[in-house]
$ cat target.tsv   # TSV, C-alpha atoms
chain	number	residue	atom	x	y	z
A	27	MET	CA	-74.69	-29.00	-38.28
A	28	LYS	CA	-77.59	-26.57	-37.97
A	29	LEU	CA	-77.13	-24.32	-40.98
A	30	LYS	CA	-80.14	-22.09	-40.37
A	31	THR	CA	-79.16	-21.59	-36.74
A	32	LEU	CA	-75.63	-20.60	-37.67
A	33	MET	CA	-76.89	-18.08	-40.22
A	34	ALA	CA	-79.45	-16.57	-37.89
A	35	ALA	CA	-76.90	-16.20	-35.13
A	36	ALA	CA	-74.31	-14.52	-37.32
A	37	GLY	CA	-76.69	-12.36	-39.35
A	38	ILE	CA	-76.58	-12.75	-43.11
A	39	ALA	CA	-76.19	-9.05	-43.91
A	40	ALA	CA	-73.19	-8.44	-41.67
A	41	LEU	CA	-71.58	-11.85	-41.29
A	42	GLY	CA	-68.09	-11.68	-39.84
A	43	SER	CA	-66.88	-15.26	-39.68
A	44	MET	CA	-68.50	-18.65	-39.39
A	45	SER	CA	-67.40	-22.24	-38.98
A	46	VAL	CA	-69.23	-25.28	-40.30
A	47	ALA	CA	-68.37	-28.44	-38.39
A	48	ASP	CA	-70.07	-30.91	-36.12
A	49	GLY	CA	-67.44	-31.39	-33.46
A	50	HIS	CA	-65.30	-34.00	-35.24
A	51	ALA	CA	-61.73	-33.42	-36.38
A	52	SER	CA	-61.69	-32.06	-39.91
A	53	ASN	CA	-59.58	-33.51	-42.70
A	54	VAL	CA	-60.00	-30.43	-44.88
A	55	LYS	CA	-60.27	-26.83	-43.73
A	56	VAL	CA	-61.77	-24.42	-46.25
A	57	GLY	CA	-61.37	-20.66	-46.22
A	58	MET	CA	-64.22	-18.92	-48.00
A	59	ILE	CA	-63.60	-15.26	-48.85
A	60	THR	CA	-66.66	-13.76	-50.50
A	61	THR	CA	-68.75	-10.60	-50.71
A	62	LEU	CA	-71.36	-10.46	-47.94
A	63	SER	CA	-71.92	-6.70	-47.59
A	64	GLY	CA	-72.42	-3.77	-49.93
A	65	GLY	CA	-73.73	-3.73	-53.47
A	66	GLY	CA	-72.55	-7.19	-54.44
A	67	ALA	CA	-73.63	-8.95	-51.25
A	68	GLY	CA	-76.38	-10.99	-52.90
A	69	LEU	CA	-73.87	-12.75	-55.14
A	70	GLY	CA	-71.58	-13.77	-52.30
A	71	ILE	CA	-74.46	-14.80	-50.05
A	72	ASP	CA	-75.75	-17.11	-52.78
A	73	VAL	CA	-72.32	-18.69	-53.37
A	74	ARG	CA	-71.95	-19.20	-49.63
A	75	ASP	CA	-75.44	-20.63	-49.22
A	76	GLY	CA	-75.04	-23.05	-52.13
A	77	PHE	CA	-71.67	-24.24	-50.84
A	78	LEU	CA	-72.87	-24.76	-47.28
A	79	LEU	CA	-76.01	-26.52	-48.45
A	80	ALA	CA	-73.93	-29.09	-50.33
A	81	VAL	CA	-71.79	-29.67	-47.23
A	82	LYS	CA	-74.90	-30.11	-45.08
A	83	MET	CA	-76.55	-32.49	-47.54
A	84	SER	CA	-73.38	-34.59	-47.75
A	85	GLY	CA	-73.34	-35.32	-44.02
A	86	ASN	CA	-69.55	-35.16	-44.22
A	87	ASP	CA	-68.08	-34.39	-40.79
A	88	HIS	CA	-64.51	-34.06	-42.04
A	89	ILE	CA	-64.80	-30.61	-43.55
A	90	GLU	CA	-64.68	-27.22	-41.83
A	91	VAL	CA	-65.58	-23.98	-43.58
A	92	VAL	CA	-64.51	-20.56	-42.31
A	93	VAL	CA	-66.36	-17.70	-44.02
A	94	GLU	CA	-65.22	-14.06	-44.20
A	95	ASP	CA	-66.55	-10.93	-45.93
A	96	ASP	CA	-64.17	-9.28	-48.41
A	97	GLN	CA	-66.43	-6.19	-48.71
A	98	ARG	CA	-65.61	-6.23	-52.46
A	99	LYS	CA	-62.23	-4.67	-51.65
A	100	PRO	CA	-59.00	-6.24	-53.00
A	101	ASP	CA	-56.90	-5.14	-50.01
A	102	ILE	CA	-59.37	-6.70	-47.56
A	103	ALA	CA	-59.44	-9.91	-49.60
A	104	VAL	CA	-55.64	-10.12	-49.53
A	105	GLN	CA	-55.57	-9.55	-45.76
A	106	LEU	CA	-58.17	-12.25	-45.23
A	107	ALA	CA	-56.32	-14.71	-47.45
A	108	ASP	CA	-53.08	-14.10	-45.55
A	109	LYS	CA	-54.88	-14.64	-42.24
A	110	MET	CA	-56.55	-17.82	-43.43
A	111	ILE	CA	-53.34	-19.29	-44.81
A	112	GLN	CA	-50.98	-18.25	-42.01
A	113	SER	CA	-53.23	-18.28	-38.91
A	114	GLU	CA	-56.24	-20.43	-39.78
A	115	LYS	CA	-54.05	-22.97	-41.64
A	116	VAL	CA	-56.66	-23.63	-44.32
A	117	ASP	CA	-56.05	-26.26	-46.97
A	118	VAL	CA	-58.33	-24.84	-49.67
A	119	LEU	CA	-59.54	-21.34	-50.52
A	120	THR	CA	-62.72	-20.44	-52.41
A	121	GLY	CA	-65.55	-17.92	-52.62
A	122	ILE	CA	-64.32	-14.84	-54.50
A	123	ILE	CA	-66.92	-13.22	-56.77
A	124	TRP	CA	-65.03	-10.37	-58.45
A	125	SER	CA	-62.17	-10.85	-60.91
A	126	ASN	CA	-60.08	-7.96	-59.60
A	127	LEU	CA	-60.14	-9.62	-56.15
A	128	ALA	CA	-59.30	-12.98	-57.68
A	129	MET	CA	-56.29	-11.46	-59.40
A	130	ALA	CA	-55.11	-10.12	-56.05
A	131	VAL	CA	-55.61	-13.38	-54.11
A	132	VAL	CA	-55.32	-16.46	-56.32
A	133	PRO	CA	-51.67	-16.19	-57.50
A	134	ALA	CA	-50.44	-15.53	-53.95
A	135	ALA	CA	-52.51	-18.39	-52.52
A	136	THR	CA	-51.34	-20.96	-55.05
A	137	ALA	CA	-47.74	-19.77	-54.66
A	138	GLN	CA	-48.05	-20.73	-50.99
A	139	GLY	CA	-49.18	-24.24	-51.92
A	140	LYS	CA	-52.91	-23.78	-51.32
A	141	PHE	CA	-55.64	-25.05	-53.61
A	142	TYR	CA	-58.02	-22.40	-54.90
A	143	LEU	CA	-61.43	-23.49	-56.24
A	144	SER	CA	-63.22	-20.60	-57.91
A	145	PRO	CA	-67.03	-20.64	-57.72
A	146	ASN	CA	-67.27	-17.56	-59.92
A	147	ALA	CA	-64.47	-15.27	-61.12
A	148	GLY	CA	-62.56	-16.69	-64.09
A	149	PRO	CA	-60.23	-13.99	-65.43
A	150	SER	CA	-58.40	-14.75	-68.67
A	151	ALA	CA	-55.06	-13.93	-67.02
A	152	LEU	CA	-55.46	-17.03	-64.81
A	153	ALA	CA	-56.65	-19.27	-67.63
A	154	GLY	CA	-53.74	-18.91	-70.04
A	155	LYS	CA	-50.11	-18.29	-69.18
A	156	GLY	CA	-51.10	-17.57	-65.58
A	157	CYS	CA	-52.71	-20.99	-65.05
A	158	HIS	CA	-51.58	-23.02	-62.05
A	159	PRO	CA	-51.90	-26.70	-61.04
A	160	LEU	CA	-53.57	-25.72	-57.75
A	161	TYR	CA	-56.16	-23.41	-59.34
A	162	PHE	CA	-59.48	-24.76	-60.60
A	163	ASN	CA	-62.42	-22.74	-61.86
A	164	VAL	CA	-65.71	-24.56	-61.31
A	165	ALA	CA	-67.98	-21.91	-62.87
A	166	TRP	CA	-66.62	-20.82	-66.28
A	167	GLN	CA	-63.85	-18.81	-67.88
A	168	ASN	CA	-64.96	-15.16	-67.91
A	169	ASP	CA	-65.39	-14.96	-71.68
A	170	ASN	CA	-67.72	-17.96	-71.98
A	171	LEU	CA	-71.22	-16.61	-71.38
A	172	HIS	CA	-70.41	-13.53	-73.46
A	173	GLU	CA	-69.18	-15.71	-76.33
A	174	ALA	CA	-72.55	-17.46	-76.18
A	175	ALA	CA	-74.31	-14.08	-76.26
A	176	GLY	CA	-72.36	-13.24	-79.40
A	177	GLY	CA	-73.49	-16.51	-80.94
A	178	TYR	CA	-77.11	-15.74	-80.06
A	179	ALA	CA	-76.74	-12.25	-81.58
A	180	ASN	CA	-75.66	-13.86	-84.85
A	181	SER	CA	-78.64	-16.21	-84.88
A	182	ALA	CA	-80.99	-13.33	-84.05
A	183	GLY	CA	-79.69	-11.39	-87.05
A	184	PHE	CA	-78.13	-8.49	-85.12
A	185	LYS	CA	-75.77	-6.56	-87.38
A	186	ASN	CA	-74.77	-3.50	-85.35
A	187	SER	CA	-74.55	-4.01	-81.58
A	188	PHE	CA	-73.82	-1.36	-78.99
A	189	ILE	CA	-71.79	-3.05	-76.23
A	190	LEU	CA	-70.82	-1.98	-72.71
A	191	ALA	CA	-69.29	-3.42	-69.54
A	192	PRO	CA	-67.47	-2.17	-66.43
A	193	ASN	CA	-63.76	-1.44	-66.69
A	194	TYR	CA	-62.25	-4.29	-64.69
A	195	PRO	CA	-60.89	-7.73	-65.71
A	196	ALA	CA	-64.27	-9.46	-66.04
A	197	GLY	CA	-65.71	-6.53	-68.00
A	198	GLN	CA	-62.78	-6.54	-70.38
A	199	ASP	CA	-63.12	-10.31	-70.84
A	200	ALA	CA	-66.86	-9.85	-71.43
A	201	LEU	CA	-66.52	-7.57	-74.42
A	202	THR	CA	-63.61	-9.65	-75.75
A	203	GLY	CA	-65.77	-12.77	-75.54
A	204	TYR	CA	-68.76	-11.18	-77.26
A	205	LYS	CA	-66.63	-9.82	-80.10
A	206	ARG	CA	-64.87	-13.17	-80.54
A	207	ILE	CA	-68.09	-14.87	-81.72
A	208	TYR	CA	-70.28	-11.97	-82.86
A	209	GLU	CA	-69.99	-11.43	-86.61
A	210	GLY	CA	-71.65	-8.01	-86.98
A	211	GLY	CA	-70.39	-4.45	-86.58
A	212	LEU	CA	-70.27	-2.27	-83.49
A	213	ALA	CA	-72.35	0.87	-83.10
A	214	GLY	CA	-70.40	1.72	-79.97
A	215	GLU	CA	-68.23	0.21	-77.23
A	216	ILE	CA	-68.06	1.62	-73.70
A	217	PHE	CA	-66.30	0.67	-70.50
A	218	THR	CA	-68.21	2.05	-67.52
A	219	GLN	CA	-66.98	2.51	-63.97
A	220	LEU	CA	-67.14	-0.53	-61.68
A	221	GLY	CA	-70.04	0.06	-59.30
A	222	GLN	CA	-71.60	2.77	-61.47
A	223	LYS	CA	-75.32	3.38	-60.93
A	224	ASP	CA	-76.17	6.30	-63.27
A	225	TYR	CA	-76.22	5.41	-66.98
A	226	ALA	CA	-77.74	8.58	-68.45
A	227	ALA	CA	-74.62	9.33	-70.53
A	228	GLU	CA	-74.39	5.78	-71.88
A	229	LEU	CA	-78.09	5.70	-72.74
A	230	ALA	CA	-77.72	8.98	-74.61
A	231	GLN	CA	-74.93	7.47	-76.68
A	232	ILE	CA	-77.00	4.38	-77.43
A	233	ARG	CA	-79.96	6.55	-78.48
A	234	ALA	CA	-77.75	8.65	-80.77
A	235	SER	CA	-76.18	5.60	-82.41
A	236	ASP	CA	-77.51	3.50	-85.26
A	237	ALA	CA	-77.43	0.33	-83.15
A	238	ASP	CA	-79.90	-2.47	-83.83
A	239	SER	CA	-79.22	-4.21	-80.48
A	240	VAL	CA	-77.55	-3.77	-77.10
A	241	PHE	CA	-75.22	-6.18	-75.33
A	242	PHE	CA	-74.23	-5.41	-71.76
A	243	PHE	CA	-72.47	-7.07	-68.85
A	244	LEU	CA	-73.27	-5.27	-65.59
A	245	PRO	CA	-73.45	-7.66	-62.63
A	246	GLY	CA	-75.29	-7.13	-59.35
A	247	GLY	CA	-76.67	-3.69	-58.57
A	248	MET	CA	-75.13	-2.23	-61.72
A	249	GLY	CA	-77.39	-4.37	-63.88
A	250	ILE	CA	-80.47	-3.49	-61.84
A	251	SER	CA	-79.80	0.22	-62.31
A	252	PHE	CA	-79.07	-0.07	-66.02
A	253	LEU	CA	-82.13	-2.17	-66.84
A	254	LYS	CA	-84.50	0.12	-64.97
A	255	GLN	CA	-83.05	3.20	-66.62
A	256	TYR	CA	-83.06	1.50	-70.02
A	257	ALA	CA	-86.75	0.65	-69.64
A	258	ASP	CA	-87.52	4.26	-68.74
A	259	SER	CA	-85.42	5.69	-71.56
A	260	GLY	CA	-87.79	4.88	-74.38
A	261	ILE	CA	-85.04	3.16	-76.35
A	262	ASP	CA	-86.67	0.31	-78.26
A	263	LEU	CA	-83.81	-2.02	-79.11
A	264	PRO	CA	-83.49	-5.71	-78.25
A	265	VAL	CA	-81.16	-6.43	-75.34
A	266	VAL	CA	-78.98	-9.48	-74.80
A	267	GLY	CA	-76.59	-10.21	-71.99
A	268	PRO	CA	-75.11	-12.89	-69.75
A	269	ALA	CA	-77.03	-14.42	-66.84
A	270	PHE	CA	-75.21	-12.18	-64.36
A	271	SER	CA	-77.61	-9.35	-65.13
A	272	PHE	CA	-80.70	-11.56	-65.34
A	273	ASP	CA	-80.20	-13.89	-62.42
A	274	GLN	CA	-82.79	-14.88	-59.86
A	275	GLY	CA	-82.09	-12.25	-57.22
A	276	ILE	CA	-81.64	-9.45	-59.74
A	277	LEU	CA	-84.85	-10.18	-61.62
A	278	GLN	CA	-87.07	-9.52	-58.61
A	279	ALA	CA	-85.52	-6.06	-58.27
A	280	VAL	CA	-85.75	-5.26	-61.98
A	281	GLY	CA	-89.31	-6.55	-62.49
A	282	ASP	CA	-91.19	-6.11	-65.75
A	283	ALA	CA	-88.29	-4.26	-67.40
A	284	ALA	CA	-86.53	-7.60	-67.86
A	285	MET	CA	-89.45	-9.55	-69.33
A	286	GLY	CA	-88.59	-11.37	-72.53
A	287	VAL	CA	-84.90	-10.49	-72.48
A	288	LYS	CA	-82.59	-13.23	-73.76
A	289	ASN	CA	-79.54	-14.12	-71.69
A	290	THR	CA	-76.89	-16.81	-71.64
A	291	SER	CA	-76.02	-19.18	-68.81
A	292	GLN	CA	-74.36	-22.51	-68.12
A	293	TRP	CA	-77.06	-23.22	-65.51
A	294	SER	CA	-80.81	-22.81	-65.16
A	295	LYS	CA	-83.28	-24.15	-62.65
A	296	ASP	CA	-85.05	-26.05	-65.44
A	297	ILE	CA	-82.05	-28.12	-66.57
A	298	ASP	CA	-83.53	-31.61	-66.55
A	299	ASN	CA	-81.37	-33.88	-64.43
A	300	ALA	CA	-81.75	-35.47	-61.00
A	301	ALA	CA	-78.91	-33.53	-59.36
A	302	ASN	CA	-80.37	-30.18	-60.41
A	303	ALA	CA	-83.90	-31.09	-59.34
A	304	ALA	CA	-82.60	-32.14	-55.91
A	305	PHE	CA	-80.57	-28.95	-55.58
A	306	VAL	CA	-83.42	-26.61	-56.52
A	307	ALA	CA	-85.83	-28.33	-54.13
A	308	ALA	CA	-83.34	-28.45	-51.25
A	309	PHE	CA	-82.30	-24.82	-51.70
A	310	GLN	CA	-85.90	-23.64	-51.66
A	311	GLU	CA	-86.63	-25.69	-48.56
A	312	GLU	CA	-83.51	-24.47	-46.74
A	313	TYR	CA	-83.62	-20.79	-47.63
A	314	GLY	CA	-87.16	-20.06	-48.79
A	315	ARG	CA	-86.14	-18.71	-52.20
A	316	LEU	CA	-85.24	-19.99	-55.65
A	317	PRO	CA	-81.51	-20.60	-56.17
A	318	SER	CA	-79.48	-18.35	-58.42
A	319	LEU	CA	-76.68	-19.02	-60.86
A	320	TYR	CA	-74.24	-18.14	-58.06
A	321	ALA	CA	-75.86	-20.57	-55.64
A	322	SER	CA	-75.54	-23.36	-58.21
A	323	GLN	CA	-71.84	-22.57	-58.62
A	324	GLY	CA	-71.22	-22.64	-54.87
A	325	TYR	CA	-73.07	-25.94	-54.65
A	326	ASP	CA	-71.05	-27.53	-57.47
A	327	THR	CA	-67.80	-26.22	-56.00
A	328	ALA	CA	-68.51	-27.90	-52.67
A	329	ASN	CA	-69.50	-31.16	-54.33
A	330	LEU	CA	-66.33	-31.15	-56.43
A	331	LEU	CA	-64.29	-30.70	-53.25
A	332	LEU	CA	-66.23	-33.45	-51.44
A	333	SER	CA	-65.66	-35.83	-54.37
A	334	ALA	CA	-61.91	-35.21	-54.18
A	335	MET	CA	-61.91	-35.72	-50.41
A	336	ALA	CA	-63.43	-39.17	-50.97
A	337	GLN	CA	-60.50	-40.14	-53.17
A	338	ALA	CA	-57.37	-38.50	-51.77
A	339	ASP	CA	-55.84	-36.72	-48.80
A	340	VAL	CA	-55.38	-32.98	-49.29
A	341	SER	CA	-51.86	-33.27	-47.86
A	342	ASP	CA	-50.91	-35.24	-50.99
A	343	ALA	CA	-51.16	-32.35	-53.44
A	344	ASP	CA	-50.61	-34.42	-56.58
A	345	ALA	CA	-53.22	-37.02	-55.67
A	346	PHE	CA	-55.72	-34.40	-54.53
A	347	ARG	CA	-55.23	-32.40	-57.71
A	348	ALA	CA	-55.84	-35.54	-59.78
A	349	ALA	CA	-59.02	-36.22	-57.81
A	350	LEU	CA	-60.24	-32.68	-58.45
A	351	ALA	CA	-59.37	-32.89	-62.14
A	352	ALA	CA	-61.39	-36.11	-62.46
A	353	ALA	CA	-64.51	-34.14	-61.46
A	354	GLU	CA	-66.36	-37.26	-60.36
A	355	PHE	CA	-69.46	-35.61	-58.96
A	356	ASP	CA	-73.00	-35.08	-60.18
A	357	SER	CA	-73.05	-31.49	-61.38
A	358	VAL	CA	-76.33	-29.58	-61.42
A	359	ARG	CA	-75.35	-28.69	-65.00
A	360	GLY	CA	-75.29	-32.32	-66.15
A	361	ASP	CA	-72.21	-33.17	-68.22
A	362	PHE	CA	-69.14	-31.48	-66.74
A	363	GLU	CA	-65.42	-31.87	-67.24
A	364	PHE	CA	-62.31	-29.74	-67.01
A	365	ALA	CA	-60.28	-28.52	-69.96
A	366	SER	CA	-56.50	-28.84	-69.79
A	367	ASN	CA	-56.27	-25.48	-67.96
A	368	GLN	CA	-58.74	-26.66	-65.29
A	369	HIS	CA	-61.72	-24.57	-66.45
A	370	PRO	CA	-65.04	-26.19	-67.37
A	371	VAL	CA	-66.08	-27.70	-70.66
A	372	GLN	CA	-69.87	-27.45	-70.66
A	373	ASP	CA	-73.02	-26.48	-72.53
A	374	ILE	CA	-74.10	-22.83	-72.42
A	375	TYR	CA	-77.78	-22.06	-72.90
A	376	VAL	CA	-79.91	-19.20	-74.16
A	377	ARG	CA	-82.64	-18.34	-71.62
A	378	GLU	CA	-85.61	-16.01	-71.68
A	379	VAL	CA	-86.91	-13.99	-68.74
A	380	ILE	CA	-90.46	-15.05	-67.87
A	381	LYS	CA	-92.86	-14.75	-64.95
A	382	GLU	CA	-94.15	-17.75	-63.01
A	383	GLY	CA	-96.97	-16.50	-60.83
A	384	ASP	CA	-95.50	-13.52	-59.01
A	385	VAL	CA	-91.88	-14.61	-59.48
A	386	PHE	CA	-89.63	-13.47	-62.31
A	387	THR	CA	-87.33	-16.24	-63.50
A	388	ASN	CA	-85.76	-17.79	-66.62
A	389	ARG	CA	-86.54	-20.67	-68.93
A	390	ILE	CA	-84.18	-22.36	-71.35
A	391	LEU	CA	-84.79	-21.76	-75.06
A	392	GLY	CA	-81.92	-23.85	-76.39
A	393	VAL	CA	-78.18	-24.53	-76.37
A	394	ALA	CA	-76.03	-21.64	-77.57
A	395	LEU	CA	-72.64	-23.38	-77.36
A	396	GLU	CA	-72.23	-27.14	-76.86
A	397	ASP	CA	-69.33	-28.69	-74.92
A	398	HIS	CA	-67.69	-25.29	-74.86
A	399	GLY	CA	-64.24	-24.76	-73.39
A	400	ASN	CA	-62.04	-21.66	-73.63
A	401	VAL	CA	-59.44	-20.29	-76.02
A	402	TYR	CA	-56.85	-19.70	-73.30
A	403	ALA	CA	-56.20	-23.40	-72.66
A	404	ALA	CA	-53.75	-23.36	-75.61
A	405	ASP	CA	-51.56	-20.87	-73.68
A	406	CYS	CA	-51.55	-22.89	-70.44
A	407	SER	CA	-48.36	-24.91	-70.01
A	408	MET	CA	-49.69	-27.47	-67.54
$ encode --input "target.tsv" --output "structure tokens"
Amino acid sequence: MKLKTLMAAAGIAALGSMSVADGHASNVKVGMITTLSGGGAGLGIDVRDGFLLAVKMSGNDHIEVVVEDDQRKPDIAVQLADKMIQSEKVDVLTGIIWSNLAMAVVPAATAQGKFYLSPNAGPSALAGKGCHPLYFNVAWQNDNLHEAAGGYANSAGFKNSFILAPNYPAGQDALTGYKRIYEGGLAGEIFTQLGQKDYAAELAQIRASDADSVFFFLPGGMGISFLKQYADSGIDLPVVGPAFSFDQGILQAVGDAAMGVKNTSQWSKDIDNAANAAFVAAFQEEYGRLPSLYASQGYDTANLLLSAMAQADVSDADAFRAALAAAEFDSVRGDFEFASNQHPVQDIYVREVIKEGDVFTNRILGVALEDHGNVYAADCSM
């Protein structure tokens, strides 16, 4: 498999579909539906690149990956899932970044007997009563990083946070997660539009409030816009957020406005274990850039799948599910296991934005939540 050649031929910015195989018959066919164009393209590209890198490094010639661009549109994602299940005959689906797309695709896919391995979106509706034996989330449950941010806010002495997030499932979970752990009061709470780029009205409300801190969840281009406008606003309040707004690709676009900001993440390039060191080095060599949180999640998702393939045949759903649940792979995060609702139990860190040479990045300051699961497991009947 020549990964670079495949990418160059297809064109990263406008990739239509791609197959990863080396000419041998595949035991497992994977359908990856992710965002490869528009404002959220960087997130999907990183998930894809991390996943394909793990497949390449494994040397496994019994896996085929078909990649399609959902354009961040639920109706397109549903159409692609139907095509992959009915025409492509995939065994496993993965790749979705956005929770509203996951809500449109995952229940229908699992109802048709297909495994879904999420490398990102982890809506609460799929973690509790909506859990399913064929659905695994390899990244986190949506609330988790925001819960850790709430814990950091407590330790930092914040007493009156102004909080905001986009009005879609992940944004709703974000503010729920922050408020679950945060012990202070709220100076304001706003749901913005998904994809919003102008935050003048929100910044005016923050300025007029008596807030002592700001918590926000605005992934992708939304976070870039907010941070730049926040820096220009003259508002001098500490900011905390999840890694989604302070991740590797975003930081280069934001620049100095992000320096020193604390954020929470289950992964960082400086986690000290052999699997992570190998991943960071291989990703840089393959793609010429530092990996992001999303790339690490794609990489772990592929390695989880490969570990299950080594133990069971995907046609035996019960055995394959047991092999996935065992999670016998070396995660870049170190210790990793699934809770009873098949979402991770893992450490979540507090990081600080720093600059290494000309590159903005993050360093770990400490553990915010240790061996952290999710509250929705109690509602899952599996």
$ closest_residue --input "target.tsv" --among "A:Asp169, A:Asp384, A:Asp356, A:Asp238" --to "A:Ala300" --atoms "all atoms listed in the file"
A:Asp356
$ closest_atom_pairs --input "target.tsv" --of "stretch 242-349 of chain A" --to "stretch 213-222 of chain A" --cutoff "10 Å" --atoms "only C-alpha atoms" --output "tab-separated table"
residue	atom	partner	partner_atom	distance
A:Phe242	CA	A:Ile216	CA	9.6
A:Leu244	CA	A:Leu220	CA	8.7
A:Pro245	CA	A:Gly221	CA	9.1
A:Gly246	CA	A:Gly221	CA	8.9
A:Gly247	CA	A:Gly221	CA	7.7
A:Met248	CA	A:Gly221	CA	6.1
A:Gly249	CA	A:Gln222	CA	9.5
A:Ser251	CA	A:Gln222	CA	8.6
A:Phe252	CA	A:Gln222	CA	9.2
$ write_last_selection --input "target.tsv" --atoms "C-alpha atoms" --output "PDB file, in the coordinates of the input"
ATOM      1  CA  PHE A 242     -74.230  -5.410 -71.760  1.00  0.00           C
ATOM      2  CA  LEU A 244     -73.270  -5.270 -65.590  1.00  0.00           C
ATOM      3  CA  PRO A 245     -73.450  -7.660 -62.630  1.00  0.00           C
ATOM      4  CA  GLY A 246     -75.290  -7.130 -59.350  1.00  0.00           C
ATOM      5  CA  GLY A 247     -76.670  -3.690 -58.570  1.00  0.00           C
ATOM      6  CA  MET A 248     -75.130  -2.230 -61.720  1.00  0.00           C
ATOM      7  CA  GLY A 249     -77.390  -4.370 -63.880  1.00  0.00           C
ATOM      8  CA  SER A 251     -79.800   0.220 -62.310  1.00  0.00           C
ATOM      9  CA  PHE A 252     -79.070  -0.070 -66.020  1.00  0.00           C
TER      10      PHE A 252
END
$ closest_atom_pairs --input "target.tsv" --of "stretch 223-342 of chain A" --to "stretch 133-144 of chain A" --cutoff "12 Å" --atoms "all atoms listed in the file" --output "JSON lines"
{"residue": "A:Tyr320", "atom": "CA", "partner": "A:Ser144", "partner_atom": "CA", "distance": 11.3}
{"residue": "A:Gln323", "atom": "CA", "partner": "A:Ser144", "partner_atom": "CA", "distance": 8.9}
{"residue": "A:Gly324", "atom": "CA", "partner": "A:Ser144", "partner_atom": "CA", "distance": 8.8}
{"residue": "A:Tyr325", "atom": "CA", "partner": "A:Ser144", "partner_atom": "CA", "distance": 11.7}
{"residue": "A:Asp326", "atom": "CA", "partner": "A:Ser144", "partner_atom": "CA", "distance": 10.5}
{"residue": "A:Thr327", "atom": "CA", "partner": "A:Leu143", "partner_atom": "CA", "distance": 6.9}
{"residue": "A:Ala328", "atom": "CA", "partner": "A:Leu143", "partner_atom": "CA", "distance": 9.1}
{"residue": "A:Asn329", "atom": "CA", "partner": "A:Leu143", "partner_atom": "CA", "distance": 11.3}
{"residue": "A:Leu330", "atom": "CA", "partner": "A:Leu143", "partner_atom": "CA", "distance": 9.1}
{"residue": "A:Leu331", "atom": "CA", "partner": "A:Leu143", "partner_atom": "CA", "distance": 8.3}
{"residue": "A:Ala334", "atom": "CA", "partner": "A:Leu143", "partner_atom": "CA", "distance": 11.9}
{"residue": "A:Val340", "atom": "CA", "partner": "A:Phe141", "partner_atom": "CA", "distance": 9.0}
{"residue": "A:Ser341", "atom": "CA", "partner": "A:Lys140", "partner_atom": "CA", "distance": 10.2}
{"residue": "A:Asp342", "atom": "CA", "partner": "A:Gly139", "partner_atom": "CA", "distance": 11.2}
$ write_last_selection --input "target.tsv" --atoms "C-alpha atoms" --output "mmCIF file, in the frame of the given file"
data_model
loop_
_atom_site.group_PDB
_atom_site.id
_atom_site.type_symbol
_atom_site.label_atom_id
_atom_site.label_comp_id
_atom_site.auth_asym_id
_atom_site.auth_seq_id
_atom_site.Cartn_x
_atom_site.Cartn_y
_atom_site.Cartn_z
ATOM 1 C CA TYR A 320 -74.240 -18.140 -58.060
ATOM 2 C CA GLN A 323 -71.840 -22.570 -58.620
ATOM 3 C CA GLY A 324 -71.220 -22.640 -54.870
ATOM 4 C CA TYR A 325 -73.070 -25.940 -54.650
ATOM 5 C CA ASP A 326 -71.050 -27.530 -57.470
ATOM 6 C CA THR A 327 -67.800 -26.220 -56.000
ATOM 7 C CA ALA A 328 -68.510 -27.900 -52.670
ATOM 8 C CA ASN A 329 -69.500 -31.160 -54.330
ATOM 9 C CA LEU A 330 -66.330 -31.150 -56.430
ATOM 10 C CA LEU A 331 -64.290 -30.700 -53.250
ATOM 11 C CA ALA A 334 -61.910 -35.210 -54.180
ATOM 12 C CA VAL A 340 -55.380 -32.980 -49.290
ATOM 13 C CA SER A 341 -51.860 -33.270 -47.860
ATOM 14 C CA ASP A 342 -50.910 -35.240 -50.990
#
$ closest_atom_pairs --input "target.tsv" --of "stretch 296-400 of chain A" --to "stretch 52-70 of chain A" --cutoff "9 Å" --atoms "all atoms listed in the file" --output "tab-separated table"
residue	atom	partner	partner_atom	distance
A:Ser318	CA	A:Leu69	CA	8.6
A:Leu319	CA	A:Leu69	CA	8.9
A:Tyr320	CA	A:Leu69	CA	6.1
A:Ala321	CA	A:Leu69	CA	8.1
A:Met335	CA	A:Val54	CA	7.9
A:Asp339	CA	A:Asn53	CA	7.8
A:Val340	CA	A:Val54	CA	6.9
$ atom_distance --input "target.tsv" --atom1 "atom CA of A:Asn163" --atom2 "atom CA of A:Leu332"
15.4 Å
$ residues_around --input "target.tsv" --residues "A:Tyr208" --least-positions-apart "5" --cutoff "9 Å" --atoms "all atoms listed in the file" --output "list of chain:residue names"
A:Glu173, A:Ala174, A:Ala175, A:Gly176, A:Gly177, A:Tyr178, A:Ala179, A:Asn180, A:Phe184, A:Lys185, A:Gly203
$ write_last_selection --input "target.tsv" --atoms "C-alpha atoms" --output "PDB file, in the frame of the given file"
ATOM      1  CA  GLU A 173     -69.180 -15.710 -76.330  1.00  0.00           C
ATOM      2  CA  ALA A 174     -72.550 -17.460 -76.180  1.00  0.00           C
ATOM      3  CA  ALA A 175     -74.310 -14.080 -76.260  1.00  0.00           C
ATOM      4  CA  GLY A 176     -72.360 -13.240 -79.400  1.00  0.00           C
ATOM      5  CA  GLY A 177     -73.490 -16.510 -80.940  1.00  0.00           C
ATOM      6  CA  TYR A 178     -77.110 -15.740 -80.060  1.00  0.00           C
ATOM      7  CA  ALA A 179     -76.740 -12.250 -81.580  1.00  0.00           C
ATOM      8  CA  ASN A 180     -75.660 -13.860 -84.850  1.00  0.00           C
ATOM      9  CA  PHE A 184     -78.130  -8.490 -85.120  1.00  0.00           C
ATOM     10  CA  LYS A 185     -75.770  -6.560 -87.380  1.00  0.00           C
ATOM     11  CA  GLY A 203     -65.770 -12.770 -75.540  1.00  0.00           C
TER      12      GLY A 203
END
